[in-house]
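As stored in upload.cif (mmCIF, C-alpha atoms):
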data_protein
#
loop_
_atom_site.label_atom_id
_atom_site.label_comp_id
_atom_site.auth_asym_id
_atom_site.auth_seq_id
_atom_site.Cartn_x
_atom_site.Cartn_y
_atom_site.Cartn_z
CA MET A 13 16.74 -33.59 14.14
CA ALA A 14 18.73 -30.83 15.83
CA LEU A 15 21.45 -31.12 13.21
CA SER A 16 18.93 -30.93 10.34
CA ASN A 17 17.26 -27.90 11.88
CA ASN A 18 20.63 -26.23 12.28
CA ILE A 19 21.29 -26.90 8.60
CA ILE A 20 17.93 -25.31 7.73
CA GLY A 21 18.83 -22.29 9.86
CA GLY A 22 22.22 -22.02 8.16
CA ALA A 23 20.66 -22.23 4.70
CA ASN A 24 18.29 -19.42 5.59
CA PHE A 25 21.14 -17.32 6.89
CA VAL A 26 22.64 -17.64 3.41
CA ALA A 27 19.23 -16.66 1.96
CA MET A 28 19.25 -13.57 4.17
CA LEU A 29 22.64 -12.62 2.74
CA LEU A 30 21.36 -13.23 -0.81
CA SER A 31 18.52 -10.75 -0.29
CA ILE A 32 21.11 -7.98 0.05
CA PRO A 33 22.02 -7.86 -3.70
CA VAL A 34 18.31 -7.60 -4.57
CA ILE A 35 17.76 -4.68 -2.19
CA TRP A 36 21.02 -3.08 -3.32
CA ALA A 37 19.93 -3.34 -6.99
CA GLY A 38 16.72 -1.45 -6.21
CA ILE A 39 18.59 1.23 -4.25
CA MET A 40 21.09 1.56 -7.10
CA LEU A 41 18.23 2.21 -9.54
CA SER A 42 16.76 4.82 -7.18
CA SER A 43 20.07 6.69 -7.18
CA LYS A 44 20.03 7.09 -10.99
CA ALA A 45 18.48 10.31 -12.28
CA ASP A 46 16.56 8.60 -15.10
CA ASN A 47 15.06 5.86 -12.90
CA ALA A 48 14.33 8.38 -10.15
CA CYS A 49 12.26 10.37 -12.65
CA VAL A 50 10.45 7.40 -14.20
CA LYS A 51 9.83 5.45 -10.96
CA ILE A 52 8.97 2.05 -12.43
CA LEU A 53 11.30 -0.74 -11.35
CA GLN A 54 13.18 0.31 -8.24
CA TRP A 55 10.38 -0.10 -5.69
CA PRO A 56 9.21 -3.55 -6.86
CA VAL A 57 12.83 -4.73 -6.64
CA ILE A 58 13.38 -3.22 -3.18
CA ILE A 59 10.07 -4.58 -1.84
CA LEU A 60 10.80 -8.06 -3.22
CA GLY A 61 14.26 -7.98 -1.62
CA VAL A 62 12.81 -6.96 1.76
CA LEU A 63 10.16 -9.73 1.58
CA ILE A 64 12.87 -12.29 0.82
CA LEU A 65 14.88 -11.00 3.79
CA VAL A 66 11.85 -11.31 6.10
CA ALA A 67 11.00 -14.83 4.84
CA ALA A 68 14.62 -15.96 5.22
CA LEU A 69 14.73 -14.50 8.74
CA ALA A 70 11.58 -16.48 9.60
CA GLY A 71 13.20 -19.64 8.26
CA PHE A 72 16.37 -18.91 10.20
CA VAL A 73 14.45 -18.51 13.46
CA GLY A 74 12.27 -21.54 12.74
CA GLY A 75 15.28 -23.70 11.95
CA PHE A 76 17.36 -22.92 15.01
CA TRP A 77 14.46 -22.81 17.49
CA ARG A 78 12.63 -25.77 15.92
CA ILE A 79 9.33 -23.93 15.29
CA GLN A 80 7.58 -26.22 12.84
CA TRP A 81 4.74 -23.93 11.77
CA LEU A 82 7.24 -21.12 11.08
CA LEU A 83 9.35 -23.43 8.91
CA ILE A 84 6.29 -24.50 6.91
CA ALA A 85 5.24 -20.86 6.46
CA TYR A 86 8.80 -20.07 5.33
CA MET A 87 8.76 -22.89 2.75
CA VAL A 88 5.51 -21.65 1.23
CA ALA A 89 6.50 -17.96 1.32
CA MET A 90 9.94 -18.58 -0.18
CA LEU A 91 8.45 -20.65 -3.01
CA VAL A 92 6.07 -17.80 -3.84
CA LEU A 93 8.91 -15.26 -3.69
CA ILE A 94 11.13 -17.38 -5.95
CA VAL A 95 8.29 -17.51 -8.50
CA LEU A 96 7.84 -13.73 -8.25
CA LEU A 97 11.58 -13.18 -8.65
CA ALA A 98 11.61 -15.44 -11.71
CA CYS A 99 8.66 -13.53 -13.20
CA LEU A 100 10.47 -10.23 -12.61
CA VAL A 101 13.61 -11.57 -14.30
CA VAL A 102 11.61 -12.69 -17.36
CA PHE A 103 9.65 -9.41 -17.46
CA ILE A 104 12.80 -7.26 -17.43
CA TYR A 105 14.32 -9.40 -20.18
CA MET A 106 11.19 -9.13 -22.34
CA VAL A 107 10.89 -5.34 -22.11
CA THR A 108 14.63 -4.72 -22.66
CA SER A 109 15.23 -7.22 -25.47
CA ARG A 110 14.40 -4.67 -28.17
CA GLY A 111 15.61 -1.20 -29.04
CA GLY A 112 18.96 0.45 -29.51
CA GLY A 113 20.79 3.31 -31.15
CA HIS A 114 22.56 3.99 -34.40
CA PRO A 115 26.00 5.49 -35.04
CA VAL A 116 26.31 9.05 -36.32
CA PRO A 117 28.97 10.06 -38.88
CA SER A 118 32.00 11.79 -37.30
CA ARG A 119 30.60 11.29 -33.80
CA THR A 120 31.60 8.88 -31.02
CA TYR A 121 28.17 8.95 -29.38
CA TRP A 122 25.08 7.29 -30.84
CA GLU A 123 21.59 8.66 -31.36
CA TYR A 124 18.35 6.85 -30.58
CA ASP A 125 14.91 6.31 -32.15
CA LEU A 126 11.77 5.68 -30.14
CA GLY A 127 10.24 3.13 -32.50
CA GLY A 128 12.59 0.24 -31.77
CA TYR A 129 11.64 -0.24 -28.12
CA SER A 130 9.01 -2.56 -26.68
CA GLY A 131 5.45 -1.29 -26.64
CA TRP A 132 5.32 -1.50 -22.85
CA LEU A 133 8.34 0.81 -22.46
CA ARG A 134 7.08 3.24 -25.11
CA ARG A 135 3.77 3.55 -23.29
CA ARG A 136 5.64 4.70 -20.19
CA VAL A 137 6.74 7.86 -22.07
CA SER A 138 4.04 8.31 -24.74
CA SER A 139 1.35 9.78 -22.49
CA THR A 140 1.50 13.58 -22.36
CA TYR A 141 0.72 13.57 -18.65
CA LYS A 142 3.44 11.04 -17.85
CA TRP A 143 6.03 12.71 -20.04
CA ASP A 144 5.35 16.18 -18.64
CA ARG A 145 6.14 14.84 -15.18
CA ILE A 146 9.27 13.02 -16.37
CA ARG A 147 10.43 16.01 -18.43
CA SER A 148 10.05 18.36 -15.47
CA CYS A 149 12.06 15.96 -13.32
CA LEU A 150 14.84 15.60 -15.92
CA SER A 151 15.10 19.35 -16.42
CA HIS A 152 15.90 19.76 -12.73
CA THR A 153 18.83 17.32 -12.87
CA THR A 154 22.43 18.15 -13.84
CA ILE A 155 22.71 15.63 -16.69
CA CYS A 156 23.02 18.37 -19.33
CA ALA A 157 24.80 21.01 -17.27
CA GLU A 158 27.59 18.48 -16.65
CA LEU A 159 28.39 18.48 -20.37
CA ASN A 160 29.11 22.23 -20.39
CA GLN A 161 31.63 21.75 -17.60
CA SER A 162 33.38 18.83 -19.31
CA TYR A 163 33.51 19.80 -23.00
CA ARG A 164 34.39 23.25 -24.36
CA ALA A 165 35.52 22.52 -27.93
CA ALA A 166 33.24 21.02 -30.57
CA GLN A 167 35.58 18.17 -31.46
CA ASP A 168 35.98 17.21 -27.81
CA PHE A 169 32.22 16.96 -27.53
CA PHE A 170 31.84 15.01 -30.78
CA ASN A 171 34.35 12.47 -29.47
CA ALA A 172 32.76 12.27 -26.02
CA PRO A 173 31.22 9.01 -24.71
CA ILE A 174 28.03 10.71 -23.53
CA THR A 175 25.10 8.67 -22.23
CA PRO A 176 22.02 7.90 -24.37
CA LEU A 177 20.00 10.24 -22.15
CA GLN A 178 22.44 13.10 -22.75
CA SER A 179 22.54 12.34 -26.48
CA GLY A 180 18.76 12.50 -26.76
CA CYS A 181 17.90 15.32 -24.36
CA CYS A 182 20.84 17.73 -24.22
CA LYS A 183 21.47 18.44 -27.92
CA PRO A 184 19.52 18.54 -31.20
CA PRO A 185 19.64 15.59 -33.64
CA THR A 186 22.78 15.68 -35.81
CA GLU A 187 20.80 15.53 -39.07
CA CYS A 188 19.26 18.94 -38.30
CA GLY A 189 22.63 20.53 -39.07
CA TYR A 190 22.89 22.82 -36.06
CA THR A 191 26.20 24.57 -35.37
CA PHE A 192 27.90 23.83 -32.06
CA VAL A 193 28.45 26.70 -29.61
CA ASN A 194 28.61 24.58 -26.47
CA PRO A 195 27.09 21.17 -25.63
CA THR A 196 23.70 22.68 -24.77
CA TYR A 197 23.70 25.72 -27.10
CA TRP A 198 23.37 25.24 -30.86
CA ILE A 199 22.54 27.73 -33.66
CA SER A 200 21.78 28.02 -37.39
CA PRO A 201 20.09 24.74 -38.33
CA ILE A 202 20.59 23.72 -41.97
CA ASN A 203 17.72 21.26 -42.35
CA ASN A 204 14.87 21.75 -39.91
CA ALA A 205 12.65 19.46 -42.01
CA ALA A 206 14.91 16.45 -41.45
CA ASP A 207 13.22 15.50 -38.19
CA MET A 208 10.31 16.77 -36.09
CA ASP A 209 12.75 17.07 -33.20
CA CYS A 210 14.65 19.77 -35.10
CA VAL A 211 11.92 22.32 -34.39
CA GLN A 212 11.50 21.08 -30.83
CA TRP A 213 15.05 22.09 -29.93
CA SER A 214 15.40 25.16 -27.70
CA ASN A 215 18.49 26.91 -26.33
CA ASP A 216 16.48 27.66 -23.21
CA GLN A 217 18.41 25.57 -20.67
CA THR A 218 15.19 24.41 -19.04
CA GLN A 219 13.76 23.22 -22.38
CA LEU A 220 16.63 21.96 -24.61
CA CYS A 221 15.33 18.78 -26.31
CA TYR A 222 13.26 17.52 -23.37
CA SER A 223 10.16 17.61 -25.61
CA CYS A 224 11.86 15.59 -28.37
CA ASP A 225 11.18 11.96 -29.23
CA SER A 226 14.96 11.54 -29.20
CA CYS A 227 14.92 12.41 -25.49
CA LYS A 228 12.28 9.76 -24.82
CA ALA A 229 14.33 7.24 -26.81
CA GLY A 230 17.51 8.21 -24.97
CA LEU A 231 15.74 7.78 -21.66
CA LEU A 232 14.54 4.30 -22.66
CA ALA A 233 18.06 3.41 -23.84
CA ASN A 234 19.44 4.45 -20.45
CA LEU A 235 16.74 2.45 -18.67
CA LYS A 236 17.45 -0.58 -20.85
CA LYS A 237 21.16 -0.47 -20.03
CA GLU A 238 20.60 -0.13 -16.29
CA TRP A 239 17.75 -2.65 -16.13
CA MET A 240 19.83 -5.26 -17.97
CA LYS A 241 22.54 -4.90 -15.30
CA VAL A 242 19.90 -5.36 -12.59
CA ASP A 243 18.50 -8.36 -14.45
CA MET A 244 21.91 -10.05 -14.40
CA ILE A 245 22.11 -9.51 -10.62
CA LEU A 246 18.60 -10.94 -10.20
CA ILE A 247 19.35 -13.98 -12.39
CA ILE A 248 22.44 -14.88 -10.35
CA THR A 249 20.52 -14.32 -7.11
CA LEU A 250 17.58 -16.40 -8.37
CA VAL A 251 19.81 -19.38 -9.17
CA ALA A 252 21.42 -19.13 -5.74
CA PHE A 253 18.00 -18.85 -4.04
CA ILE A 254 16.72 -21.95 -5.82
CA ALA A 255 19.80 -23.89 -4.71
CA VAL A 256 19.37 -22.72 -1.10
CA TYR A 257 15.64 -23.47 -1.17
CA VAL A 258 16.15 -27.02 -2.51
CA PHE A 259 18.88 -27.61 0.08
CA GLY A 260 16.57 -26.32 2.83
CA CYS A 261 13.69 -28.51 1.63
CA CYS A 262 15.93 -31.58 1.71
CA ALA A 263 17.09 -30.72 5.22
CA PHE A 264 13.48 -30.13 6.33
CA ARG A 265 12.38 -33.46 4.88
CA LYS A 266 15.30 -35.21 6.56
CA ALA A 267 14.38 -33.57 9.88
CA LYS A 268 10.78 -34.80 9.57
CA THR A 269 11.99 -38.31 8.71
CA GLU A 270 14.32 -38.35 11.71
CA ASP A 271 11.49 -37.14 13.94
CA LEU A 272 9.15 -39.90 12.73
CA PHE A 273 11.87 -42.53 13.12
CA LYS A 274 12.59 -41.31 16.65
CA LYS A 275 8.88 -41.54 17.58
CA TYR A 276 8.73 -45.04 16.05
CA LYS A 277 11.73 -46.18 18.10
CA GLN A 278 10.22 -44.70 21.25
CA GLY A 279 6.97 -46.53 20.56
CA ASN A 280 8.77 -49.85 20.15
CA THR A 281 10.72 -49.26 23.35
CA TYR A 282 7.54 -48.73 25.37
CA THR A 283 5.96 -51.89 23.99
#
Turn this file's structure into structure tokens for me.
Amino acid sequence: MALSNNIIGGANFVAMLLSIPVIWAGIMLSSKADNACVKILQWPVIILGVLILVAALAGFVGGFWRIQWLLIAYMVAMLVLIVLLACLVVFIYMVTSRGGGHPVPSRTYWEYDLGGYSGWLRRRVSSTYKWDRIRSCLSHTTICAELNQSYRAAQDFFNAPITPLQSGCCKPPTECGYTFVNPTYWISPINNAADMDCVQWSNDQTQLCYSCDSCKAGLLANLKKEWMKVDMILIITLVAFIAVYVFGCCAFRKAKTEDLFKKYKQGNTYT
């Protein structure tokens, strides 16, 4: 039984290590300006990672110190957490499976439309109250100011691999026909009727296109890209957790069988 319990403890030590990528994924999202402004996914991921760490620590202690009730509590808790992690993986996939951008003539960057994204994501930016808060947060970041430091000439900017968020929020839509002065200053639109965002554009550096639908779409495109990376981390971690959990269950069952067999032998010895 001691060997089986040591195996259980070792498996849970591995589970403790596997919780680190989950926590790291949440912290990584928190460090991104777009996710920091939206505040949707990072905390559920971090909290789930911490809960997995705590459950694995309980299993580790229960395995090495042979605390049966703690091992049983660990088995139940870890099963629930694996189900929650699987639900989170599926949820992220469902909300990021739609939406994307379209190429623009004579430009390296793409532009983005709000309509292609999942309804759940669109609702996160469609409310005036929610968007006012997000817009205020974005306007206090350096995502647009960075472009002015990096690109001086028009052609350099047109060939730049800017992010979807910068494409949507820091410049007017290309079809409006604005003339480039610098990445965040454009003049003399040719066709203001081409898109409602054309009249939303402002050269005020605190306004820019933060009120545009293209900015909302660019934000969602950024979120989609980052969330898909997190989803891949979670999928790999989920598979590893399931393997560790099954291995731990087998070791726990073996330990119980050995314990019963030992008691049976002791009973026969006494008789």
Counting all atoms listed in the file, which residues of region 228-256 of chain A fall within 10 Å of region 171-190 of chain A, and what is the closest atom pair for each with its distance in Å at one decimal, ordered by chain and rising number, as JSON lines?
{"residue": "A:Lys228", "atom": "CA", "partner": "A:Gly180", "partner_atom": "CA", "distance": 7.3}
{"residue": "A:Ala229", "atom": "CA", "partner": "A:Gly180", "partner_atom": "CA", "distance": 6.9}
{"residue": "A:Gly230", "atom": "CA", "partner": "A:Leu177", "partner_atom": "CA", "distance": 4.3}
{"residue": "A:Leu231", "atom": "CA", "partner": "A:Leu177", "partner_atom": "CA", "distance": 4.9}
{"residue": "A:Leu232", "atom": "CA", "partner": "A:Leu177", "partner_atom": "CA", "distance": 8.1}
{"residue": "A:Ala233", "atom": "CA", "partner": "A:Pro176", "partner_atom": "CA", "distance": 6.0}
{"residue": "A:Asn234", "atom": "CA", "partner": "A:Pro176", "partner_atom": "CA", "distance": 5.8}
{"residue": "A:Leu235", "atom": "CA", "partner": "A:Leu177", "partner_atom": "CA", "distance": 9.1}
{"residue": "A:Lys237", "atom": "CA", "partner": "A:Pro176", "partner_atom": "CA", "distance": 9.5}
Evaluate the PyMOL selection byres ((chain A and resi 90-105) around 8) and record the selected residues as an mmCIF file with C-alpha atoms, keeping the file's coordinate frame, following the chain and residue labels used in the document.
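So the final result, stored in out_3.cif, reads:
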data_model
loop_
_atom_site.group_PDB
_atom_site.id
_atom_site.type_symbol
_atom_site.label_atom_id
_atom_site.label_comp_id
_atom_site.auth_asym_id
_atom_site.auth_seq_id
_atom_site.Cartn_x
_atom_site.Cartn_y
_atom_site.Cartn_z
ATOM 1 C CA LEU A 60 10.800 -8.060 -3.220
ATOM 2 C CA LEU A 63 10.160 -9.730 1.580
ATOM 3 C CA ILE A 64 12.870 -12.290 0.820
ATOM 4 C CA ALA A 67 11.000 -14.830 4.840
ATOM 5 C CA ALA A 68 14.620 -15.960 5.220
ATOM 6 C CA TYR A 86 8.800 -20.070 5.330
ATOM 7 C CA MET A 87 8.760 -22.890 2.750
ATOM 8 C CA VAL A 88 5.510 -21.650 1.230
ATOM 9 C CA ALA A 89 6.500 -17.960 1.320
ATOM 10 C CA MET A 106 11.190 -9.130 -22.340
ATOM 11 C CA VAL A 107 10.890 -5.340 -22.110
ATOM 12 C CA THR A 108 14.630 -4.720 -22.660
ATOM 13 C CA SER A 109 15.230 -7.220 -25.470
ATOM 14 C CA TRP A 239 17.750 -2.650 -16.130
ATOM 15 C CA MET A 240 19.830 -5.260 -17.970
ATOM 16 C CA ASP A 243 18.500 -8.360 -14.450
ATOM 17 C CA LEU A 246 18.600 -10.940 -10.200
ATOM 18 C CA ILE A 247 19.350 -13.980 -12.390
ATOM 19 C CA LEU A 250 17.580 -16.400 -8.370
ATOM 20 C CA PHE A 253 18.000 -18.850 -4.040
ATOM 21 C CA ILE A 254 16.720 -21.950 -5.820
ATOM 22 C CA TYR A 257 15.640 -23.470 -1.170
#
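You will find CA of Leu53 (chain A) at 19.2 Å from CA of Tyr141 (chain A).
Between CA of Ile155 (chain A) and CA of Ser200 (chain A) lies a distance of 24.1 Å.
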Counting only C-alpha atoms, which residue out of A:Met28, A:Leu126, A:Ala205, A:Leu69 sits closest to Ser226 (chain A)?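 The closest residue to Ser226 (chain A) is A:Leu126.
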Considering all atoms listed in the file, state which residue in the set A:Ser130, A:Ser118, A:Asn47, A:Ser162 is at the smallest distance from Leu150 (chain A). A:Asn47
Centre and edge lengths of an axis-aligned box around all listed atoms of region 58-68 of chain A, with 3 Å added on each side, are to be given in Å to one decimal, as lines of an AutoDock Vina configuration file.
center_x = 12.5
center_y = -9.6
center_z = 1.4
size_x = 10.8
size_y = 18.7
size_z = 15.3
Could you expand the PyMOL selection byres ((chain A and resi 223) around 10) into the explicit residues it covers here, written as a ChimeraX atom specification? /A:143-144,147,181,209,212-214,219-222,224-228
What do you get, as JSON, numbers by chain, if you spell out every residue that the PyMOL selection byres ((chain A and resi 61) around 10) selects here? {"A": [28, 30, 31, 32, 33, 34, 35, 36, 37, 38, 55, 56, 57, 58, 59, 60, 62, 63, 64, 65, 66, 67, 93, 97]}
